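Enquirer: This is the structure, below, for whatever I ask next.
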Amino acid sequence: MLAWKIGGDQGEGIDSTGDVLARVANHMGYYVYGYKHFSSRIKGGHTNYKVRIATTRVEATTRHTDILVALNQETIHRNFHELENGLLLADSAFKPVLPESASAHLLTLPLTEMAKSIGSVMMRNMVAVGASAALLQMPVAPFIDYVTAKFEKKGEAIVAANRKAVEIGYQRIVDEYAALLTFKLEEPVPGDRLVISGSDAIALGAIAGGCRLLCGYPITPATEIMESLAKWFPLVGGAVVQMEDELGSITAVIGAGFAGARAMTSTSGPGISLMQEAIGLASVTEIPAVIVDTQRGGPSTGMPTKQEQSDLLALLNGGHGDTLRVVLTPGSVEESFEDAAEAFNLAEQFQTPVLIATDLSLSLWQQSVERSRLKASAQPIRHSATFSQEDLLALGESAFQRYRLTDNGVSPRSLPGEINGQYLATGVEHGPSGKVSEDPVNRIQMMDKRLSKLEGIHQMRDGFKYEGPMEPVLILVGIGSTVGILREAATHLPAKVGVAWFRTLSPFPTERVQSVLAPARHILVVEQNALGQIRQLMTIHGIADSRFDSYLKYDGVPFLPEEVVDRATPLLNTLEVH
């Protein structure tokens, strides 16, 4: 396994350079994971892109870097500490200086001048791609093939320039630094894999789940879901509508759900705050709606481009009054696809808003995923109890009761335009007919109906997953993107360590959590927020004792597997002693 990184000023094509390396490596048969550090601005400021390349699944970034490509001195200052006997390739144009404490070999190439010789300084990134391929001792041919396919629509001249940039970068490293080419990847593992982000997986899962409408307002880091669906929806007859704000977005989705369409919106923390009243409306009127929250650093504007998992309590309890929503928490790209599709089934079946809590790292970072895990056929569409026009006509003079009390709390609904149906859906408390009622008995019946109907979800999905030994000494508990980090950390810890993660936060899977955690001698809850929100939820539901400990991080930077290992090792040592 090797880790490569490139850094420079934001807006200089750093992302495209990393994407080329990741996609070519994936095509060759390697697993890749890409992590981007970027600022909350369009241009300027430091940015870097780190790609891990391996012959086994990778779900996290790492502390160590083997090869660093620096396009400015700031990149060296910010990242040299990650190199341990690694290679640092720098553009000689900025006269690079390696700090005395650095443990790396400095290689220089006139990347800017080489790009200009081809015709444009913009070719510097492609020169760096070729040089990086040589440093990794990867064949140049797959990179040539990739840029040929990527730029063929722009004409032969553009294709030829990019090919030449890759070739001269590659050859220059081979000619000048052959003695330093000590890094070499193992033989790749053939397979049918995609390089995909969690946002793309959610978009594909939404399509597989029958969604054909997204109403949203652009917001970092959720906008990629809108952009992906804008590309793919025309293929299936769907549409993306950019609304005037988040309030318009959620109310349009509720209107579409009322009409019988499968619709969604995607947003981040500030948008969720604005949507809370309307989410309550969907809950009390029992209208399906799917909302994706790609969490970022808060509160308020906070840190829009930084990782955090601090919206959990808001997703569960942010609205006024006693409302119960379904909250799904995928822990991988594959689970993002599965939960996006399942969200529409649950929303329709239980006639309720369903929120998907993902996070910036899970949503934005690209990684290799087996194509077979993203098949629509594995996510069958289930429809709810809906009265057809024939059913309604058969009622005759009997009034259709939209909110009829039932054993499972779910009342069959009609759709607008059907004769003998019911179209009243008010946010004011109402009786079985939908008409306003403040009768105390009715109030209790309607509240109980709404709050109890989601219990059926526990029989439909495993809300708390576990991987590891039957009798673990330590269980690492996480959520979202942290799950992949915990999995990797566990491989560097003794065999008595297991990993558990939430797939559902609401309704809370209390019995399942208690069952999974019962054998453990100690539990470490790892989450990216300052208040320990997952730990709070576990305590509220009676899952708390002296075995529990928290590991919190809220600096905007994702956990590293090494950090979890460092935190868990003393706990294990103490447990072994006693």
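Ordering of the structure tokens sets the chain letters (A, B, ...); residue numbers start at 1 within each chain; ligands are numbered from 1 in the order shown.
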With a distance cut-off of 6 Å and only C-alpha atoms, select the neighbouring residues of stretch 338-355 of chain A, excluding the residue or stretch itself and same-chain residues fewer than 4 positions from it, and output the selection as a list in words.

Expert: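 So, after excluding close chain neighbours, the residues are Ile202, Gly205, Ala206, Ala208, Gly209, Ser283, Glu286, Ile287, Pro288, Ala289, Val290, Ile291, Val292, Arg325, Val326, Val327, Arg382 and Ser384 of chain A.
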
Enquirer: Quick one: DSSP strand (DSSP E) residues in stretch 47-196 of chain A, as a PyMOL selection string?

Expert: chain A and resi 47-54+65-70+83-91+103-109+193-196

Enquirer: Residues of the last selection are to be written out with C-alpha atoms, as a compact mmCIF listing (two decimals), in the first residue's frame.

Expert:
```txt
# COMPACT_ATOMS: atom_id res chain seq x y z
CA THR A 47 -5.15 22.62 -1.02
CA ASN A 48 -3.91 19.06 -1.33
CA TYR A 49 -5.17 15.72 -2.57
CA LYS A 50 -3.98 12.44 -1.06
CA VAL A 51 -4.53 9.09 -2.78
CA ARG A 52 -3.91 5.75 -1.16
CA ILE A 53 -3.34 2.87 -3.57
CA ALA A 54 -3.59 -0.73 -2.36
CA THR A 65 2.80 9.82 2.88
CA ASP A 66 5.29 8.04 0.61
CA ILE A 67 5.43 10.50 -2.29
CA LEU A 68 4.65 14.22 -2.06
CA VAL A 69 4.40 16.46 -5.13
CA ALA A 70 4.78 20.13 -4.18
CA LEU A 83 7.26 11.81 4.84
CA GLU A 84 9.45 9.15 6.46
CA ASN A 85 12.22 8.33 3.99
CA GLY A 86 9.76 9.33 1.31
CA LEU A 87 10.17 11.20 -1.96
CA LEU A 88 9.38 14.89 -2.35
CA LEU A 89 9.06 16.05 -5.94
CA ALA A 90 9.01 19.84 -6.22
CA ASP A 91 8.74 22.32 -9.07
CA SER A 103 13.12 12.76 6.45
CA ALA A 104 12.77 12.75 2.69
CA HIS A 105 14.64 12.82 -0.58
CA LEU A 106 14.12 16.09 -2.47
CA LEU A 107 13.71 15.71 -6.22
CA THR A 108 13.25 18.75 -8.43
CA LEU A 109 11.94 19.10 -11.95
CA ARG A 193 -14.84 -1.50 -9.57
CA LEU A 194 -16.01 2.08 -9.74
CA VAL A 195 -14.30 5.11 -8.23
CA ILE A 196 -17.23 6.84 -6.63
```

Enquirer: Give me the residues within 12 Å of A:Lys150 as an MDAnalysis selection string, counting only C-alpha atoms and dropping any in the same chain fewer than 2 places off.

Expert: chainID A and resid 16 19:20 23:24 143:148 152:156 158:160 162:163

Enquirer: Near A:Gln533, within 12 Å and counting only C-alpha atoms, which residues show up once chain neighbours fewer than 6 positions away are dropped, as a PyMOL selection string?

Expert: chain A and resi 308-316+478-479+505+525-527+539-540+550-553

Enquirer: Export, as a compact mmCIF listing (two decimals), in the first residue's frame, the selected residues with N, CA and C atoms.

Expert:
```txt
# COMPACT_ATOMS: atom_id res chain seq x y z
N GLU A 308 -17.42 17.02 10.08
CA GLU A 308 -17.99 16.98 11.42
C GLU A 308 -19.24 16.10 11.40
N GLN A 309 -19.64 15.64 12.59
CA GLN A 309 -20.84 14.82 12.75
C GLN A 309 -21.65 15.39 13.91
N SER A 310 -22.05 16.65 13.78
CA SER A 310 -22.65 17.36 14.91
C SER A 310 -24.10 17.74 14.70
N ASP A 311 -24.75 17.18 13.67
CA ASP A 311 -26.16 17.48 13.42
C ASP A 311 -27.09 16.41 13.97
N LEU A 312 -26.55 15.40 14.61
CA LEU A 312 -27.36 14.21 14.95
C LEU A 312 -28.53 14.55 15.86
N LEU A 313 -28.29 15.30 16.90
CA LEU A 313 -29.39 15.66 17.81
C LEU A 313 -30.41 16.55 17.11
N ALA A 314 -29.95 17.42 16.22
CA ALA A 314 -30.88 18.27 15.47
C ALA A 314 -31.75 17.45 14.54
N LEU A 315 -31.18 16.42 13.93
CA LEU A 315 -31.96 15.57 13.03
C LEU A 315 -33.04 14.81 13.80
N LEU A 316 -32.72 14.44 15.02
CA LEU A 316 -33.69 13.68 15.83
C LEU A 316 -34.72 14.56 16.50
N GLY A 478 -18.88 3.64 16.06
CA GLY A 478 -18.82 4.86 15.27
C GLY A 478 -20.05 5.04 14.41
N ILE A 479 -19.95 5.99 13.52
CA ILE A 479 -21.07 6.34 12.65
C ILE A 479 -20.50 7.00 11.40
N LEU A 505 -30.66 5.67 13.62
CA LEU A 505 -30.70 6.39 14.90
C LEU A 505 -32.12 6.59 15.40
N VAL A 525 -16.52 4.94 22.13
CA VAL A 525 -17.40 5.60 21.15
C VAL A 525 -16.60 6.71 20.48
N VAL A 526 -16.42 6.59 19.17
CA VAL A 526 -15.58 7.51 18.40
C VAL A 526 -16.47 8.35 17.51
N GLU A 527 -16.46 9.67 17.71
CA GLU A 527 -17.35 10.53 16.92
C GLU A 527 -16.75 11.92 16.74
N THR A 539 -26.91 7.01 26.27
CA THR A 539 -27.24 7.22 27.68
C THR A 539 -28.75 7.43 27.88
N ILE A 540 -29.36 8.25 27.01
CA ILE A 540 -30.79 8.51 27.09
C ILE A 540 -31.58 7.22 26.99
N SER A 550 -15.38 7.88 25.60
CA SER A 550 -15.56 8.63 24.36
C SER A 550 -14.22 9.10 23.81
N TYR A 551 -14.15 9.13 22.50
CA TYR A 551 -13.01 9.73 21.80
C TYR A 551 -13.60 10.73 20.80
N LEU A 552 -13.43 12.01 21.10
CA LEU A 552 -14.06 13.07 20.31
C LEU A 552 -13.02 13.85 19.52
N LYS A 553 -13.43 14.30 18.35
CA LYS A 553 -12.57 15.15 17.52
C LYS A 553 -13.46 16.15 16.81
```

Enquirer: Could you check how far atom CA of A:Met138 sits from atom CA of A:Met114, in Å to one decimal?

Expert: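 Atom-to-atom, atom CA of A:Met138 to atom CA of A:Met114, that is 21.1 Å.
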
Enquirer: Set the distance at 8 Å and use only C-alpha atoms: which residues neighbour A:Pro519 once local chain neighbours fewer than 3 positions away are removed? I'd like the list as a list in words.

Expert: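 Non-adjacent residues within range: Met470, Glu471, Pro472 and Val516 of chain A.
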
Enquirer: Interatomic distance between atom CA of A:Ile168 and atom CA of A:Glu74?

Expert: 25.6 Å

Enquirer: Give me, please, the distance in Å between atom CA of A:Glu82 and atom CA of A:His64, quoted to one decimal.

Expert: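 These two atoms are separated by 5.0 Å.
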
Enquirer: Could you pull out the residues in stretch 486-541 of chain A that DSSP calls helix (DSSP H, G or I) from the backbone, as a list of chain:residue names?

Expert: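 Filtering stretch 486-541 of chain A to helix (DSSP H, G or I) leaves A:Leu486, A:Arg487, A:Glu488, A:Ala489, A:Ala490, A:Thr491, A:Thr510, A:Glu511, A:Arg512, A:Val513, A:Gln514, A:Ser515, A:Val516, A:Leu517, A:Gln533, A:Ile534, A:Arg535, A:Gln536, A:Leu537, A:Met538, A:Thr539, A:Ile540.
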
Enquirer: Could you turn the residues from that selection into a file that holds C-alpha atoms, as a PDB file, in the first residue's frame?

Expert:
```pdb
ATOM      1  CA  LEU A 486     -12.402   2.092  12.815  1.00  0.00           C
ATOM      2  CA  ARG A 487     -12.212  -0.939  10.534  1.00  0.00           C
ATOM      3  CA  GLU A 488      -8.659  -0.078   9.536  1.00  0.00           C
ATOM      4  CA  ALA A 489      -7.672   0.742  13.113  1.00  0.00           C
ATOM      5  CA  ALA A 490      -8.979  -2.648  14.245  1.00  0.00           C
ATOM      6  CA  THR A 491      -6.603  -4.411  11.835  1.00  0.00           C
ATOM      7  CA  THR A 510     -32.026  -0.091  21.869  1.00  0.00           C
ATOM      8  CA  GLU A 511     -32.347  -3.878  22.186  1.00  0.00           C
ATOM      9  CA  ARG A 512     -29.945  -4.529  19.328  1.00  0.00           C
ATOM     10  CA  VAL A 513     -27.312  -2.154  20.755  1.00  0.00           C
ATOM     11  CA  GLN A 514     -27.563  -3.748  24.188  1.00  0.00           C
ATOM     12  CA  SER A 515     -27.211  -7.219  22.692  1.00  0.00           C
ATOM     13  CA  VAL A 516     -24.156  -6.362  20.574  1.00  0.00           C
ATOM     14  CA  LEU A 517     -22.315  -4.520  23.337  1.00  0.00           C
ATOM     15  CA  GLN A 533     -23.887  13.185  20.672  1.00  0.00           C
ATOM     16  CA  ILE A 534     -23.922   9.441  19.993  1.00  0.00           C
ATOM     17  CA  ARG A 535     -22.851   8.755  23.556  1.00  0.00           C
ATOM     18  CA  GLN A 536     -25.652  11.060  24.767  1.00  0.00           C
ATOM     19  CA  LEU A 537     -28.218   9.119  22.754  1.00  0.00           C
ATOM     20  CA  MET A 538     -26.986   5.829  24.152  1.00  0.00           C
ATOM     21  CA  THR A 539     -27.244   7.218  27.683  1.00  0.00           C
ATOM     22  CA  ILE A 540     -30.792   8.512  27.087  1.00  0.00           C
TER      23      ILE A 540
END
```

Enquirer: Pick the closest to A:Arg413 from A:Val441, A:Ala259, A:Ala201, A:Ala133: which is it, counting only C-alpha atoms?

Expert: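 Using only C-alpha atoms, A:Arg413 sits closest to A:Ala259.
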
Enquirer: Quick one: residues within 12 Å of A:Asp391, only C-alpha atoms counted, chain neighbours fewer than 5 positions away excluded, as a ChimeraX atom specification?

Expert: /A:385-386,396,398,400,412-415,418-421

Enquirer: Neighbouring residues of A:Gly319 were defined as those with any atom within 9 Å, considering only C-alpha atoms; residues of the same chain fewer than 3 positions away were excluded. Please report them as number ranges by chain.

Expert: A: 273, 275-280, 314-316, 322-323

Enquirer: From the list A:Met1, A:Ala149, A:Phe258, A:Ser300, which residue is nearest A:Gln422 when using only C-alpha atoms?

Expert: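 With only C-alpha atoms as the atom set, the closest residue is A:Phe258.
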
Enquirer: Per residue of stretch 454-503 of chain A within 12 Å of stretch 25-44 of chain A, record the nearest atom pair and its distance in Å to one decimal, counting only C-alpha atoms, with rows in chain order and ascending residue number, as a Markdown table.

Expert:
```
| residue | atom | partner | partner_atom | distance |
| --- | --- | --- | --- | --- |
| A:Ser481 | CA | A:Tyr35 | CA | 12.0 |
| A:Gly484 | CA | A:Tyr33 | CA | 11.0 |
| A:Ile485 | CA | A:Tyr33 | CA | 11.9 |
```

Enquirer: From the set A:Ile76, A:Leu181, A:Glu334, A:Trp4, which residue has the shortest atom-to-atom contact distance to A:Gln379, counting only C-alpha atoms?

Expert: A:Glu334

Enquirer: Using only C-alpha atoms, which of A:Gly297, A:Gly169, A:Gly238, A:Gly468 sits nearest A:Leu493?

Expert: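 Closest residue, counting only C-alpha atoms: A:Gly468.
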